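Everything below belongs to start14.cif, which stores mmCIF, C-alpha atoms.
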```cif
data_query
loop_
_atom_site.label_atom_id
_atom_site.label_comp_id
_atom_site.auth_asym_id
_atom_site.auth_seq_id
_atom_site.Cartn_x
_atom_site.Cartn_y
_atom_site.Cartn_z
CA MET A 23 5.08 20.97 -7.61
CA ALA A 24 5.87 21.29 -11.33
CA GLU A 25 9.47 20.27 -10.81
CA ASP A 26 8.50 17.35 -8.57
CA ASP A 27 5.92 16.15 -11.10
CA ARG A 28 8.58 16.07 -13.80
CA LYS A 29 10.83 14.00 -11.58
CA THR A 30 8.17 11.39 -10.90
CA GLY A 31 6.35 11.48 -14.20
CA GLY A 32 3.17 13.04 -12.85
CA ALA A 33 0.76 10.98 -10.80
CA ALA A 34 2.22 8.54 -8.36
CA PRO A 35 2.57 5.09 -9.93
CA ASP A 36 1.56 3.47 -6.70
CA ASP A 37 0.10 4.55 -3.41
CA ASP A 38 3.22 3.52 -1.57
CA LEU A 39 5.91 3.91 -4.22
CA ILE A 40 8.73 6.43 -4.01
CA PRO A 41 10.68 7.30 -7.15
CA GLU A 42 14.30 6.27 -7.56
CA GLU A 43 15.55 8.16 -4.50
CA THR A 44 17.93 7.33 -1.70
CA PRO A 45 17.64 8.33 1.94
CA GLY A 46 19.59 11.39 3.00
CA LYS A 47 22.55 11.43 5.29
CA PRO A 48 22.10 11.33 9.04
CA GLY A 49 21.16 14.62 10.56
CA GLY A 50 18.10 15.58 8.59
CA ASP A 51 19.32 15.94 5.00
CA LYS A 52 16.54 15.76 2.48
CA MET A 53 16.08 12.87 0.12
CA THR A 54 17.78 13.51 -3.18
CA THR A 55 17.49 11.88 -6.55
CA GLY A 56 20.52 10.09 -7.88
CA LYS A 57 21.74 7.06 -9.76
CA PRO A 58 20.26 3.88 -8.24
CA ARG A 59 22.80 1.92 -6.25
CA GLY A 60 22.76 -1.55 -4.80
CA SER A 61 22.23 -5.06 -6.08
CA MET A 62 18.77 -5.95 -7.35
CA ALA A 63 19.76 -9.60 -7.88
CA LEU A 64 20.76 -9.90 -4.22
CA ALA A 65 17.54 -8.21 -3.14
CA LEU A 66 15.40 -10.62 -5.16
CA ALA A 67 17.38 -13.63 -3.93
CA ILE A 68 16.89 -12.58 -0.31
CA GLY A 69 13.22 -11.82 -0.92
CA ALA A 70 12.54 -15.11 -2.69
CA GLY A 71 14.30 -17.02 0.08
CA GLY A 72 12.20 -15.30 2.72
CA GLY A 73 9.03 -15.94 0.75
CA LEU A 74 9.83 -19.63 0.33
CA LEU A 75 10.57 -19.97 4.05
CA PHE A 76 7.26 -18.31 5.01
CA ALA A 77 5.35 -20.45 2.47
CA TRP A 78 6.93 -23.62 3.86
CA ALA A 79 5.95 -22.51 7.39
CA GLN A 80 2.36 -21.86 6.18
CA LEU A 81 2.38 -18.26 7.43
CA PRO A 82 -0.19 -15.75 6.11
CA LEU A 83 0.53 -14.07 2.76
CA PRO A 84 3.93 -15.79 2.72
CA TRP A 85 5.54 -14.60 -0.49
CA MET A 86 5.06 -10.90 0.24
CA MET A 87 5.54 -11.04 4.01
CA GLY A 88 8.53 -13.37 3.82
CA ALA A 89 10.24 -11.19 1.23
CA MET A 90 9.44 -8.06 3.21
CA VAL A 91 10.80 -9.41 6.50
CA ALA A 92 13.93 -10.91 4.94
CA THR A 93 14.90 -7.79 2.99
CA THR A 94 14.09 -5.49 5.90
CA ILE A 95 16.47 -7.49 8.09
CA ALA A 96 19.08 -7.41 5.32
CA SER A 97 18.65 -3.65 4.89
CA VAL A 98 19.04 -3.00 8.60
CA ALA A 99 22.11 -5.27 8.61
CA GLY A 100 23.68 -3.06 5.96
CA ALA A 101 23.04 -5.00 2.73
CA ASN A 102 23.33 -2.78 -0.34
CA ILE A 103 20.10 -3.81 -2.09
CA ARG A 104 17.44 -2.18 -4.22
CA ILE A 105 14.47 -2.88 -6.50
CA ASP A 106 14.28 -1.26 -9.92
CA PHE A 107 11.32 1.04 -10.43
CA ARG A 108 10.44 -0.56 -13.79
CA LEU A 109 10.34 -4.11 -12.43
CA ARG A 110 8.14 -3.10 -9.52
CA THR A 111 5.84 -1.18 -11.87
CA ALA A 112 5.43 -4.25 -14.12
CA MET A 113 4.64 -6.45 -11.13
CA ILE A 114 2.15 -3.93 -9.80
CA ALA A 115 0.32 -4.09 -13.15
CA ILE A 116 0.19 -7.90 -12.92
CA LEU A 117 -1.26 -7.66 -9.42
CA GLY A 118 -3.81 -5.16 -10.71
CA VAL A 119 -4.97 -7.64 -13.35
CA MET A 120 -5.18 -10.37 -10.72
CA LEU A 121 -7.24 -8.21 -8.35
CA GLY A 122 -9.55 -7.23 -11.21
CA SER A 123 -10.16 -10.92 -11.95
CA ALA A 124 -11.84 -11.19 -8.53
CA PHE A 125 -14.64 -8.86 -9.70
CA ARG A 126 -17.80 -10.80 -10.55
CA PRO A 127 -21.13 -9.68 -12.11
CA GLU A 128 -23.03 -10.14 -8.84
CA LEU A 129 -20.92 -7.35 -7.29
CA ILE A 130 -22.79 -4.72 -9.33
CA ASP A 131 -25.96 -5.34 -7.32
CA ARG A 132 -24.08 -4.68 -4.08
CA ALA A 133 -22.12 -1.57 -5.07
CA GLY A 134 -24.79 0.79 -3.72
CA GLU A 135 -24.41 -0.73 -0.25
CA TRP A 136 -20.83 0.59 -0.06
CA ALA A 137 -21.78 4.28 0.09
CA VAL A 138 -22.13 4.29 3.91
CA SER A 139 -18.78 2.62 4.55
CA ILE A 140 -17.03 4.89 2.01
CA ALA A 141 -18.48 7.95 3.77
CA GLY A 142 -17.27 6.51 7.07
CA LEU A 143 -13.84 6.11 5.52
CA LEU A 144 -13.58 9.87 5.01
CA VAL A 145 -14.55 10.51 8.64
CA TYR A 146 -11.99 7.90 9.74
CA ALA A 147 -9.17 9.44 7.68
CA VAL A 148 -9.82 12.95 9.06
CA THR A 149 -10.28 11.86 12.69
CA ALA A 150 -7.39 9.41 12.90
CA GLY A 151 -5.12 11.69 10.84
CA ALA A 152 -5.70 14.62 13.19
CA LEU A 153 -4.88 12.53 16.26
CA VAL A 154 -1.73 11.07 14.67
CA THR A 155 -0.58 14.59 13.70
CA TRP A 156 -0.86 15.59 17.36
CA TYR A 157 1.00 12.40 18.36
CA PHE A 158 3.92 13.15 16.02
CA ARG A 159 4.17 16.71 17.35
CA LYS A 160 4.00 15.88 21.05
CA VAL A 161 5.59 12.42 21.20
CA GLY A 162 7.70 12.17 18.07
CA GLY A 163 9.00 15.73 18.21
CA TYR A 164 8.39 16.30 14.49
CA ASP A 165 7.87 19.82 13.19
CA ALA A 166 4.34 20.86 12.16
CA VAL A 167 4.74 20.25 8.41
CA THR A 168 6.46 16.89 8.81
CA SER A 169 3.88 15.78 11.40
CA TYR A 170 0.99 16.62 9.10
CA PHE A 171 2.26 14.84 6.01
CA ALA A 172 3.64 11.85 7.94
CA SER A 173 0.26 11.33 9.61
CA SER A 174 -1.90 10.66 6.56
CA PRO A 175 -3.07 7.02 6.38
CA GLY A 176 -1.79 6.53 2.83
CA GLY A 177 -0.63 8.44 -0.24
CA LEU A 178 3.07 8.09 0.56
CA ASN A 179 4.44 9.38 -2.73
CA GLU A 180 2.29 12.51 -2.82
CA MET A 181 2.82 13.21 0.87
CA VAL A 182 6.62 13.06 0.42
CA LEU A 183 6.55 15.40 -2.57
CA VAL A 184 4.10 17.93 -1.15
CA GLY A 185 5.64 17.73 2.33
CA ARG A 186 9.05 18.58 0.85
CA ALA A 187 7.57 21.47 -1.13
CA MET A 188 5.96 22.81 2.05
CA GLY A 189 9.24 22.68 4.00
CA GLY A 190 8.90 19.35 5.79
CA ASP A 191 11.58 16.67 6.18
CA ASP A 192 10.75 14.31 3.31
CA ARG A 193 13.20 11.67 4.57
CA VAL A 194 11.33 11.39 7.87
CA ILE A 195 7.97 11.46 6.09
CA ALA A 196 9.03 8.64 3.75
CA LEU A 197 10.52 6.48 6.50
CA THR A 198 7.49 7.00 8.74
CA HIS A 199 5.09 5.93 6.00
CA SER A 200 7.32 2.96 5.12
CA ALA A 201 7.39 1.88 8.78
CA ARG A 202 3.59 2.16 8.92
CA ILE A 203 3.18 -0.08 5.89
CA LEU A 204 5.66 -2.58 7.30
CA LEU A 205 3.88 -2.75 10.66
CA VAL A 206 0.37 -3.00 9.18
CA VAL A 207 1.26 -5.70 6.66
CA MET A 208 3.01 -7.72 9.37
CA THR A 209 0.08 -7.37 11.79
CA ILE A 210 -3.14 -7.72 9.78
CA PRO A 211 -2.76 -11.33 8.54
CA PHE A 212 -2.04 -12.62 12.06
CA VAL A 213 -5.01 -10.70 13.47
CA PHE A 214 -7.22 -12.40 10.90
CA ARG A 215 -5.74 -15.77 11.76
CA ILE A 216 -6.72 -15.25 15.41
CA PHE A 217 -10.08 -13.47 15.12
CA ALA A 218 -11.46 -14.29 11.66
CA ASP A 219 -10.93 -18.07 11.43
CA TYR A 220 -8.37 -17.73 8.65
CA THR A 221 -6.45 -20.90 7.87
CA PRO A 222 -3.61 -21.17 5.32
CA SER A 223 -4.38 -22.87 2.02
CA GLY A 224 -1.78 -25.59 2.61
CA THR A 225 -0.12 -24.92 -0.75
CA LEU A 226 3.12 -23.12 -1.50
CA LEU A 227 1.74 -20.90 -4.27
CA PRO A 228 -1.00 -18.24 -3.89
CA PRO A 229 -4.39 -18.42 -5.68
CA GLY A 230 -4.25 -18.01 -9.44
CA GLY A 231 -4.43 -19.73 -12.78
CA GLY A 232 -2.04 -22.15 -14.39
CA LEU A 233 0.65 -21.65 -16.99
CA ASP A 234 -1.39 -23.76 -19.43
CA MET A 235 -3.97 -21.03 -20.07
CA ALA A 236 -5.29 -20.61 -23.61
CA TRP A 237 -3.36 -18.07 -25.65
CA GLN A 238 -6.52 -15.94 -25.91
CA ASP A 239 -6.62 -15.59 -22.13
CA TRP A 240 -2.89 -14.76 -22.05
CA ALA A 241 -3.50 -12.04 -24.62
CA LEU A 242 -6.52 -10.65 -22.74
CA LEU A 243 -4.70 -10.47 -19.41
CA ALA A 244 -1.58 -8.95 -20.96
CA GLY A 245 -3.77 -6.40 -22.73
CA CYS A 246 -5.43 -5.49 -19.43
CA ALA A 247 -2.01 -4.81 -17.89
CA VAL A 248 -0.69 -2.69 -20.76
CA VAL A 249 -3.88 -0.82 -21.73
CA GLY A 250 -4.90 -0.29 -18.11
CA ALA A 251 -1.50 1.14 -17.18
CA VAL A 252 -1.54 3.52 -20.15
CA ILE A 253 -5.09 4.70 -19.41
CA GLY A 254 -4.34 5.13 -15.71
CA LYS A 255 -1.24 7.17 -16.48
CA LEU A 256 -2.97 9.36 -19.06
CA LEU A 257 -5.83 10.08 -16.66
CA ARG A 258 -3.34 10.73 -13.84
CA ILE A 259 -5.19 8.32 -11.56
CA PRO A 260 -3.57 7.77 -8.15
CA ALA A 261 -1.81 4.38 -8.09
CA ALA A 262 -2.21 4.38 -11.88
CA TYR A 263 -0.23 1.22 -12.61
CA LEU A 264 -2.35 -0.77 -10.16
CA VAL A 265 -5.78 0.84 -10.49
CA GLY A 266 -5.71 1.09 -14.31
CA PRO A 267 -5.05 -2.62 -14.97
CA MET A 268 -7.41 -3.57 -12.13
CA ALA A 269 -10.21 -1.47 -13.65
CA VAL A 270 -9.77 -2.89 -17.17
CA SER A 271 -9.48 -6.43 -15.82
CA GLY A 272 -12.53 -5.85 -13.64
CA VAL A 273 -14.56 -4.68 -16.65
CA ILE A 274 -13.81 -7.73 -18.80
CA HIS A 275 -14.42 -10.09 -15.88
CA LEU A 276 -17.67 -8.36 -14.94
CA ALA A 277 -18.73 -8.63 -18.59
CA GLY A 278 -17.94 -12.33 -18.60
CA VAL A 279 -15.39 -12.07 -21.41
CA THR A 280 -13.01 -14.32 -19.48
CA GLU A 281 -12.71 -15.99 -16.11
CA ALA A 282 -8.93 -16.40 -16.30
CA SER A 283 -6.53 -14.95 -13.74
CA PRO A 284 -2.73 -14.57 -13.82
CA PRO A 285 -0.82 -17.81 -13.10
CA SER A 286 -0.01 -18.58 -9.46
CA LEU A 287 3.72 -18.66 -10.15
CA LEU A 288 3.62 -15.17 -11.67
CA VAL A 289 1.52 -13.88 -8.76
CA ALA A 290 4.06 -15.27 -6.29
CA CYS A 291 6.88 -13.53 -8.17
CA ALA A 292 4.93 -10.26 -8.10
CA GLN A 293 4.39 -10.60 -4.36
CA VAL A 294 8.10 -11.23 -3.81
CA VAL A 295 8.91 -8.04 -5.72
CA MET A 296 6.32 -6.08 -3.70
CA GLY A 297 7.63 -7.34 -0.37
CA THR A 298 11.24 -6.85 -1.42
CA GLY A 299 10.45 -3.27 -2.45
CA ILE A 300 9.13 -2.49 1.04
CA GLY A 301 12.22 -3.93 2.72
CA CYS A 302 14.62 -2.14 0.37
CA ARG A 303 13.23 1.24 1.42
CA PHE A 304 15.30 0.99 4.58
CA ALA A 305 18.57 0.27 2.77
CA GLY A 306 21.28 2.89 3.32
CA THR A 307 19.57 4.38 6.38
CA PRO A 308 21.43 4.29 9.72
CA VAL A 309 20.11 1.66 12.12
CA ARG A 310 19.63 4.25 14.85
CA GLU A 311 17.41 6.33 12.56
CA ILE A 312 15.36 3.31 11.52
CA ALA A 313 14.92 2.26 15.16
CA ARG A 314 13.79 5.76 16.12
CA ILE A 315 11.26 6.00 13.28
CA VAL A 316 9.89 2.49 13.86
CA LYS A 317 9.55 3.16 17.59
CA ILE A 318 7.54 6.31 16.93
CA SER A 319 5.54 4.60 14.16
CA ILE A 320 4.40 1.80 16.47
CA GLY A 321 2.34 4.34 18.40
CA SER A 322 0.94 6.07 15.32
CA THR A 323 0.10 2.75 13.64
CA ALA A 324 -1.64 1.60 16.81
CA ILE A 325 -3.78 4.75 16.78
CA LEU A 326 -4.76 4.20 13.14
CA MET A 327 -5.55 0.53 13.68
CA VAL A 328 -7.53 1.09 16.89
CA PHE A 329 -9.64 3.71 15.13
CA GLY A 330 -10.06 1.29 12.22
CA VAL A 331 -11.39 -1.40 14.56
CA LEU A 332 -13.74 1.07 16.29
CA PHE A 333 -15.12 2.27 12.97
CA GLY A 334 -15.42 -1.32 11.78
CA LEU A 335 -17.40 -2.38 14.86
CA ALA A 336 -19.70 0.65 14.56
CA LEU A 337 -20.31 0.32 10.83
CA GLU A 338 -20.94 -3.43 11.12
CA GLN A 339 -24.21 -2.53 12.87
CA ILE A 340 -25.26 -0.34 9.92
CA THR A 341 -23.90 -2.11 6.86
CA ASP A 342 -23.98 -5.81 7.87
CA VAL A 343 -20.40 -6.08 6.62
CA PRO A 344 -18.25 -8.04 9.11
CA TRP A 345 -16.11 -5.75 11.22
CA PHE A 346 -12.86 -7.44 10.26
CA VAL A 347 -13.57 -6.91 6.54
CA LEU A 348 -14.19 -3.22 7.27
CA VAL A 349 -10.91 -3.09 9.19
CA LEU A 350 -9.13 -4.55 6.17
CA ALA A 351 -10.82 -1.95 3.94
CA TYR A 352 -9.75 0.88 6.28
CA ALA A 353 -6.29 -0.42 7.26
CA PRO A 354 -3.56 2.09 6.30
CA GLY A 355 -1.29 -0.46 4.67
CA GLY A 356 -1.37 0.32 0.95
CA LEU A 357 -3.86 -0.54 -1.79
CA ALA A 358 -1.84 -3.39 -3.30
CA GLU A 359 -0.83 -4.88 0.03
CA MET A 360 -4.29 -4.82 1.62
CA SER A 361 -5.97 -6.11 -1.55
CA LEU A 362 -3.49 -8.98 -1.65
CA ILE A 363 -4.25 -9.79 1.97
CA ALA A 364 -7.98 -9.75 1.18
CA LEU A 365 -7.38 -12.18 -1.69
CA ALA A 366 -5.20 -14.45 0.46
CA LEU A 367 -7.80 -14.45 3.25
CA GLY A 368 -10.65 -15.18 0.85
CA ARG A 369 -12.42 -11.90 1.62
CA ASP A 370 -14.26 -9.47 -0.66
CA VAL A 371 -11.40 -8.13 -2.80
CA ALA A 372 -13.62 -5.73 -4.74
CA PHE A 373 -14.96 -4.19 -1.52
CA VAL A 374 -11.50 -3.79 0.00
CA ALA A 375 -9.85 -2.49 -3.18
CA THR A 376 -12.62 0.03 -3.87
CA HIS A 377 -12.35 1.50 -0.38
CA HIS A 378 -8.59 1.84 -0.65
CA ILE A 379 -8.93 3.58 -4.02
CA PHE A 380 -11.27 6.10 -2.37
CA ARG A 381 -8.88 6.41 0.58
CA ILE A 382 -6.02 7.29 -1.74
CA GLY A 383 -8.21 9.77 -3.62
CA PHE A 384 -9.34 11.46 -0.39
CA ILE A 385 -5.77 11.82 0.85
CA VAL A 386 -4.07 12.83 -2.40
CA ILE A 387 -6.71 15.44 -3.24
CA LEU A 388 -7.81 16.75 0.15
CA ALA A 389 -4.72 16.55 2.40
CA PRO A 390 -2.50 19.06 0.51
CA ALA A 391 -5.46 21.41 -0.06
CA ALA A 392 -6.45 21.28 3.62
CA PHE A 393 -2.88 22.02 4.70
CA ARG A 394 -2.67 25.05 2.40
CA LEU A 395 -5.94 26.37 3.83
CA MET A 396 -4.75 25.88 7.41
CA ARG A 397 -1.44 27.61 6.67
CA ARG A 398 -3.22 30.47 4.95
CA GLY A 399 -5.61 30.81 7.91
CA GLY A 400 -2.70 30.85 10.33
CA GLN A 401 -0.97 33.63 8.42
CA SER A 402 -4.06 35.81 8.08
#
```
Kindly transcribe the structure held in the file into structure tokens.
Amino acid sequence: MAEDDRKTGGAAPDDDLIPEETPGKPGGDKMTTGKPRGSMALALAIGAGGGLLFAWAQLPLPWMMGAMVATTIASVAGANIRIDFRLRTAMIAILGVMLGSAFRPELIDRAGEWAVSIAGLLVYAVTAGALVTWYFRKVGGYDAVTSYFASSPGGLNEMVLVGRAMGGDDRVIALTHSARILLVVMTIPFVFRIFADYTPSGTLLPPGGGLDMAWQDWALLAGCAVVGAVIGKLLRIPAAYLVGPMAVSGVIHLAGVTEASPPSLLVACAQVVMGTGIGCRFAGTPVREIARIVKISIGSTAILMVFGVLFGLALEQITDVPWFVLVLAYAPGGLAEMSLIALALGRDVAFVATHHIFRIGFIVILAPAAFRLMRRGGQS
């Protein structure tokens, strides 16, 4: 792992972020690092166009979903597109500050109520992960190592790195996780629109502040992004560039230092970059391979989501949290993506984000250790 850590700079910058790598050649070659190729300007143009189209059509979470769908189609069609790691990292920090601005002082009184649902999250991750591992082995035909690390409901970057170190096919692991994120992000907002009385805001831009904020608020929010990212990286926190700024922003908003949030226009740009980054993951991969992975991932994603709904319905009786909010907190779609959906749907962002932070921690810390113990037990 030492060599892999040097390549990625230590802790994963985001739950669902892969370093500057390109998919391997057809036939099972591993992913290899290399000079980034492809047009970022074209990727952003396609993503922004898709976002604008979705916003005009008043679809859920339009700027991220529209960009994601448009660039995924472009990638499958053979477009040579990419998103630079540094741009995506900066936008992730902005989203972290925005999510932290949703934290309010009254949330402190409710934090103790989350212990039961967080404990249930661990049970969910183990149960659903075990079933998906079996599914990949029996239905997908993956080898044991690849099945295990492709089945975790999150922690893409770590699962790719550790899976490769353990002898798995990191290209398949990465594509399977990417397909899962794509399917979950495309499904969840429409489920909420049907079952949770969600209605679009009627505006083109997402929630946020205006560009006419006081310079003090600009300075505070920028400081949250920079200081939070540095602290998160130094502490090697999973999803450091998102969680660090979110934590610092959450602290100053809980303390009442400011009530400002990043401007709507900047938030829309960040969502376009996020959605474009998801779509670009499929660039350079043969269509047949993408189709095969997506086909297999539909079944695994269905398993994860069904278990999420079951756990949500059960825990609703204990916690009094609506089942659909629990589903959003458990959904294996990425911390940034699910938190953005919570914000767009007007749900409890702090609740959802906190659960996804714990989910990432569970997976990143426990999944590799559990695999090593199982392998050691099998060899003894």
Could you tell me which residues the PyMOL selection byres ((chain A and resi 237-246) around 7) grabs in this file, written as a list in words?
-> Val119, Met235, Ala236, Ala247, Val248, Val249, Gly250, Pro267, Val270, Ser271 and Ala282 of chain A
Give as a count of residues only the set of residues within 9 Å of the point (-6.5, -4.4, -8.9), where distances use the file's coordinates and all atoms listed in the file.
-> 25
Which distance in Å separates CA of Ala364 (chain A) and CA of Pro390 (chain A), to one decimal?
->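 Computing the Euclidean distance for CA of Ala364 (chain A) and CA of Pro390 (chain A) yields 29.3 Å.
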Expand the PyMOL selection byres ((chain A and resi 353-356) around 9) into the individual residues it matches in the shown file, reporting them as a ChimeraX atom specification.
-> /A:36-38,174-178,202-207,210,323,326-327,330-331,348-352,357-361,378,381-382
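Separating CA of Gly142 (chain A) from CA of Arg394 (chain A) is a distance of 24.1 Å.
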Name every residue that the PyMOL selection byres ((chain A and resi 143) around 9) selects in this structure, writing the answer as a count of residues only with chains first and numbers rising.
-> 16
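For the pair CA of Ala77 (chain A) and CA of Ala366 (chain A), the separation is 12.3 Å.
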Spatial neighbours of Ala277 (chain A), 10 Å, only C-alpha atoms, chain gap at least 4 places, as JSON, numbers by chain | {"A": [125, 126, 127, 271, 272, 273, 281]}
Selection as a PyMOL selection string: residues within 6 Å of (11.1, -5.8, -6.4), counting all atoms listed in the file | chain A and resi 105+110+295-296+298-299
File of the preceding selection, C-alpha atoms, as a PDB file, in the coordinates of the input:
```pdb
ATOM      1  CA  ILE A 105      14.470  -2.880  -6.500  1.00  0.00           C
ATOM      2  CA  ARG A 110       8.140  -3.100  -9.520  1.00  0.00           C
ATOM      3  CA  VAL A 295       8.910  -8.040  -5.720  1.00  0.00           C
ATOM      4  CA  MET A 296       6.320  -6.080  -3.700  1.00  0.00           C
ATOM      5  CA  THR A 298      11.240  -6.850  -1.420  1.00  0.00           C
ATOM      6  CA  GLY A 299      10.450  -3.270  -2.450  1.00  0.00           C
TER       7      GLY A 299
END
```
